[in-house]
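S.K.: Dumping the structure here so I can ask a few things about it.
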Amino acid sequence: GFPGPREGGMHCRPPDVSAPRMGHGLGATVLAVAIGCLGLARAIARTWEPTFCGERPVPAARSLSLGAPFRGRLVGAKRFSDSPAARVLPRRHRPRCIRWGTGRLIAALQAAGAAVQGAFPGSPPLGVGDLSRARGGSIAPYSHSHQSGRDADLAFYLLDEREMPVEPDDFDRMLPWGPDLRGVRERAHRFDAARTWALVAALLADARIEVRFVLISEPLRLAMLAQARRRRASRA
């Protein structure tokens with residue numbers, strides 16, 4: 001369930017810690033931010049793009065993420081609604097209606113987008129890709145995960161050639177990255193390390209979720225760590 005190998009984005013998994021602790025992976029407190037690839041699944045998705053509109057969540061007093069991200073379901077799901085701080089990417093992801101998650105995930109994404117705009121006035125909304133279906137379960141062919149309301153694909157913040165922030169309508173096809181943090185083949189946009197670090201920092205600071213892993217390509221990792229040092233972020 002990661003953005004594709006030539007896309008600009010990251011994968012976030014903050015499960016709802018209110019899930020009951022039974023079975024493998026239930027109630028685990030993990031958030032992973034990663035760069036990965038869909039491989040064959042992306043090629044299939046280009047020719048077959050199902051949608052899951054019209055599905056309704058299982059009613060419940062609170063959100064429960066049941067099972068594992070790769071085999072699970074979702075009860076009491078909350079719908080991600082577009083806001084000035086964060087929106088579902090409109091070109092491919094909005095029509096899929098894969099915009100449900102635990103209440104904690106939805107709140108954390110909205111708060112992180114707002115935190116970036118607070119730190120950098122004039123920033124565009126956080127770009128959100130696939131989340132989960134209303135009742136969880138498979139979102140094939142888009143991903144093997146995203147089944148239990150814990151996953152979110154997030155777009156990088158980007159700058160254009162005038163160093164102005166870009167509001168993406170899809171994951172930007174930029175990889176591989178050059179040493180100047182521009183795509184080697186597509187030079188129009190540059191990775192915005194400052195805003196993207198502010199996003200990660202907001203997720204790290206959110207008490208509703210706990211970050212265990214940040215997986216990202218080496219040039220971008222170094223740029224993010226440089227931003228963290230400039231802002232004297234805690235090494236913890």
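Naming scheme: A, B, ... for chains in displayed order of the structure tokens; residues 1 onward per chain; ligands 1 onward as shown.
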Can you list, as a PyMOL selection string, every protein, DNA or RNA residue that comes within 8 Å of stretch 167-170 of chain A when you count only C-alpha atoms, leaving out same-chain residues fewer than 4 positions away?

M.R.: chain A and resi 89-93+124-125+127+129+155+158

S.K.: Could you turn the residues from that selection into a file that holds N, CA and C atoms, as a short mmCIF file (atom, residue, chain, number, x, y, z; two decimals), in the first residue's frame?

M.R.:
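Contents of again15.cif, as written:
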data_model
loop_
_atom_site.label_atom_id
_atom_site.label_comp_id
_atom_site.auth_asym_id
_atom_site.auth_seq_id
_atom_site.Cartn_x
_atom_site.Cartn_y
_atom_site.Cartn_z
N LEU A 89 -6.41 13.53 -2.81
CA LEU A 89 -5.90 13.91 -4.13
C LEU A 89 -6.99 13.65 -5.18
N PRO A 90 -7.32 14.67 -5.98
CA PRO A 90 -8.55 14.57 -6.78
C PRO A 90 -8.46 13.74 -8.05
N ARG A 91 -7.27 13.59 -8.65
CA ARG A 91 -7.24 13.00 -9.99
C ARG A 91 -7.60 11.52 -9.98
N ARG A 92 -6.92 10.71 -9.18
CA ARG A 92 -7.20 9.27 -9.16
C ARG A 92 -7.85 8.81 -7.86
N HIS A 93 -7.49 9.42 -6.75
CA HIS A 93 -7.88 8.86 -5.45
C HIS A 93 -9.29 9.25 -5.02
N PRO A 124 -0.27 24.68 0.79
CA PRO A 124 -1.47 24.01 0.28
C PRO A 124 -1.94 22.94 1.25
N PRO A 125 -3.13 22.39 1.04
CA PRO A 125 -3.57 21.28 1.88
C PRO A 125 -2.66 20.07 1.73
N GLY A 127 -1.84 16.51 0.80
CA GLY A 127 -2.42 15.61 -0.19
C GLY A 127 -2.53 14.20 0.36
N GLY A 129 -3.77 10.23 -0.24
CA GLY A 129 -4.12 9.22 -1.23
C GLY A 129 -5.13 8.24 -0.66
N ALA A 155 1.08 12.60 0.19
CA ALA A 155 1.94 13.23 -0.80
C ALA A 155 3.02 14.07 -0.12
N LEU A 158 5.85 19.94 -2.14
CA LEU A 158 6.74 20.23 -3.27
C LEU A 158 6.82 21.73 -3.52
#

S.K.: Between atom CA of A:Ile209 and atom CA of A:Arg104, what is the distance in Å, rounded to a tenth?

M.R.: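 If I compute the distance from atom CA of A:Ile209 to atom CA of A:Arg104, I get 7.5 Å.
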
S.K.: Enumerate as a ChimeraX atom specification all residues of stretch 151-187 of chain A assigned to strand (DSSP E or B) by DSSP on the backbone, naming them with the chain letters and numbers the document uses.

M.R.: /A:152-155,158-159,165-166,172,177,182-183

S.K.: Env of stretch 47-64 of chain A: 6 Å cut, atoms = only C-alpha atoms, seq-sep filter 4 positions within chain, self excluded. Answer as a list in words.

M.R.: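 Answer for this query is Ala19, Leu74, Val75, Gly76, Ala77, Arg96, Cys97, Thr102, Gly103, Ala134 and Arg135 of chain A.
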
S.K.: For A:Leu225, please output as a list in words all residues within 12 Å (counting only C-alpha atoms; exclusion window: fewer than 3 positions along the same chain).

M.R.: Ala193, Ala194, Thr196, Trp197, Ala198, Val200, Ala201, Val214, Ile216, Glu218, Pro219, Leu220, Arg221, Leu222, Ala228, Arg229, Arg230, Arg231, Arg232, Ala233, Ser234 and Arg235 of chain A

S.K.: Those residues with N, CA, C and O atoms, as a PDB file, in the first residue's frame please?

M.R.:
ATOM      1  N   ALA A 193      11.662  19.978   1.692  1.00  0.00           N
ATOM      2  CA  ALA A 193      12.090  19.305   2.923  1.00  0.00           C
ATOM      3  C   ALA A 193      11.538  19.994   4.161  1.00  0.00           C
ATOM      4  O   ALA A 193      11.198  19.326   5.147  1.00  0.00           O
ATOM      5  N   ALA A 194      11.428  21.313   4.124  1.00  0.00           N
ATOM      6  CA  ALA A 194      10.972  22.045   5.317  1.00  0.00           C
ATOM      7  C   ALA A 194       9.532  21.694   5.650  1.00  0.00           C
ATOM      8  O   ALA A 194       9.208  21.368   6.801  1.00  0.00           O
ATOM      9  N   THR A 196       7.745  19.123   4.491  1.00  0.00           N
ATOM     10  CA  THR A 196       7.559  17.693   4.728  1.00  0.00           C
ATOM     11  C   THR A 196       8.080  17.303   6.102  1.00  0.00           C
ATOM     12  O   THR A 196       7.483  16.462   6.784  1.00  0.00           O
ATOM     13  N   TRP A 197       9.173  17.914   6.551  1.00  0.00           N
ATOM     14  CA  TRP A 197       9.618  17.642   7.917  1.00  0.00           C
ATOM     15  C   TRP A 197       8.583  18.144   8.924  1.00  0.00           C
ATOM     16  O   TRP A 197       8.312  17.490   9.930  1.00  0.00           O
ATOM     17  N   ALA A 198       7.991  19.310   8.660  1.00  0.00           N
ATOM     18  CA  ALA A 198       6.962  19.819   9.574  1.00  0.00           C
ATOM     19  C   ALA A 198       5.789  18.841   9.664  1.00  0.00           C
ATOM     20  O   ALA A 198       5.207  18.653  10.742  1.00  0.00           O
ATOM     21  N   VAL A 200       5.994  15.474   9.225  1.00  0.00           N
ATOM     22  CA  VAL A 200       6.445  14.328  10.021  1.00  0.00           C
ATOM     23  C   VAL A 200       6.545  14.712  11.494  1.00  0.00           C
ATOM     24  O   VAL A 200       6.154  13.944  12.380  1.00  0.00           O
ATOM     25  N   ALA A 201       7.057  15.903  11.774  1.00  0.00           N
ATOM     26  CA  ALA A 201       7.181  16.351  13.160  1.00  0.00           C
ATOM     27  C   ALA A 201       5.809  16.431  13.839  1.00  0.00           C
ATOM     28  O   ALA A 201       5.664  16.081  15.015  1.00  0.00           O
ATOM     29  N   VAL A 214      10.302   5.383  10.276  1.00  0.00           N
ATOM     30  CA  VAL A 214      10.224   6.321   9.164  1.00  0.00           C
ATOM     31  C   VAL A 214      11.136   5.764   8.083  1.00  0.00           C
ATOM     32  O   VAL A 214      12.354   5.743   8.249  1.00  0.00           O
ATOM     33  N   ILE A 216      12.369   6.066   4.218  1.00  0.00           N
ATOM     34  CA  ILE A 216      12.379   7.075   3.167  1.00  0.00           C
ATOM     35  C   ILE A 216      13.702   6.967   2.415  1.00  0.00           C
ATOM     36  O   ILE A 216      14.712   6.508   2.977  1.00  0.00           O
ATOM     37  N   GLU A 218      17.299   7.739   0.657  1.00  0.00           N
ATOM     38  CA  GLU A 218      18.436   8.367   1.328  1.00  0.00           C
ATOM     39  C   GLU A 218      18.556   9.873   1.099  1.00  0.00           C
ATOM     40  O   GLU A 218      18.740  10.626   2.068  1.00  0.00           O
ATOM     41  N   PRO A 219      18.469  10.393  -0.135  1.00  0.00           N
ATOM     42  CA  PRO A 219      18.585  11.855  -0.292  1.00  0.00           C
ATOM     43  C   PRO A 219      17.526  12.617   0.491  1.00  0.00           C
ATOM     44  O   PRO A 219      17.807  13.666   1.084  1.00  0.00           O
ATOM     45  N   LEU A 220      16.300  12.085   0.517  1.00  0.00           N
ATOM     46  CA  LEU A 220      15.221  12.759   1.238  1.00  0.00           C
ATOM     47  C   LEU A 220      15.394  12.614   2.743  1.00  0.00           C
ATOM     48  O   LEU A 220      15.091  13.534   3.506  1.00  0.00           O
ATOM     49  N   ARG A 221      15.895  11.467   3.177  1.00  0.00           N
ATOM     50  CA  ARG A 221      16.161  11.267   4.613  1.00  0.00           C
ATOM     51  C   ARG A 221      17.176  12.295   5.112  1.00  0.00           C
ATOM     52  O   ARG A 221      16.986  12.912   6.166  1.00  0.00           O
ATOM     53  N   LEU A 222      18.255  12.482   4.351  1.00  0.00           N
ATOM     54  CA  LEU A 222      19.281  13.441   4.763  1.00  0.00           C
ATOM     55  C   LEU A 222      18.731  14.867   4.789  1.00  0.00           C
ATOM     56  O   LEU A 222      19.049  15.647   5.692  1.00  0.00           O
ATOM     57  N   ALA A 228      15.483  18.834  10.634  1.00  0.00           N
ATOM     58  CA  ALA A 228      15.279  18.555  12.056  1.00  0.00           C
ATOM     59  C   ALA A 228      16.372  19.199  12.897  1.00  0.00           C
ATOM     60  O   ALA A 228      16.108  19.767  13.969  1.00  0.00           O
ATOM     61  N   ARG A 229      17.619  19.122  12.414  1.00  0.00           N
ATOM     62  CA  ARG A 229      18.724  19.756  13.160  1.00  0.00           C
ATOM     63  C   ARG A 229      18.568  21.262  13.196  1.00  0.00           C
ATOM     64  O   ARG A 229      18.827  21.893  14.229  1.00  0.00           O
ATOM     65  N   ARG A 230      18.173  21.858  12.078  1.00  0.00           N
ATOM     66  CA  ARG A 230      17.991  23.313  12.051  1.00  0.00           C
ATOM     67  C   ARG A 230      16.935  23.746  13.050  1.00  0.00           C
ATOM     68  O   ARG A 230      17.030  24.831  13.645  1.00  0.00           O
ATOM     69  N   ARG A 231      15.948  22.923  13.228  1.00  0.00           N
ATOM     70  CA  ARG A 231      14.854  23.267  14.152  1.00  0.00           C
ATOM     71  C   ARG A 231      15.073  22.691  15.542  1.00  0.00           C
ATOM     72  O   ARG A 231      14.191  22.752  16.395  1.00  0.00           O
ATOM     73  N   ARG A 232      16.283  22.139  15.758  1.00  0.00           N
ATOM     74  CA  ARG A 232      16.689  21.599  17.068  1.00  0.00           C
ATOM     75  C   ARG A 232      15.668  20.605  17.614  1.00  0.00           C
ATOM     76  O   ARG A 232      15.277  20.648  18.777  1.00  0.00           O
ATOM     77  N   ALA A 233      15.260  19.717  16.717  1.00  0.00           N
ATOM     78  CA  ALA A 233      14.311  18.684  17.114  1.00  0.00           C
ATOM     79  C   ALA A 233      14.993  17.717  18.085  1.00  0.00           C
ATOM     80  O   ALA A 233      16.197  17.469  18.008  1.00  0.00           O
ATOM     81  N   SER A 234      14.205  17.160  18.964  1.00  0.00           N
ATOM     82  CA  SER A 234      14.732  16.183  19.910  1.00  0.00           C
ATOM     83  C   SER A 234      15.212  14.943  19.192  1.00  0.00           C
ATOM     84  O   SER A 234      14.555  14.450  18.272  1.00  0.00           O
ATOM     85  N   ARG A 235      16.341  14.398  19.603  1.00  0.00           N
ATOM     86  CA  ARG A 235      16.854  13.165  19.017  1.00  0.00           C
ATOM     87  C   ARG A 235      15.977  11.971  19.386  1.00  0.00           C
ATOM     88  O   ARG A 235      16.053  10.926  18.732  1.00  0.00           O
TER      89      ARG A 235
END

S.K.: For A:Leu154, which residue among A:Ala140, A:Ala86, A:Ala111, A:Ala68 is the nearest when counting only C-alpha atoms?

M.R.: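 Answer, going by the shortest atom-to-atom distance: A:Ala86.
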
S.K.: In Å, rounded to a single decimal, give me how far atom CA of A:Leu159 is from atom CA of A:Trp100.

M.R.: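 These atoms are spaced 28.7 Å apart.
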
S.K.: Excluding same-chain residues fewer than 4 positions from A:Trp177, what lies within 10 Å of it counting only C-alpha atoms, as a ChimeraX atom specification?

M.R.: /A:6,8,181-187,190-191,217-220
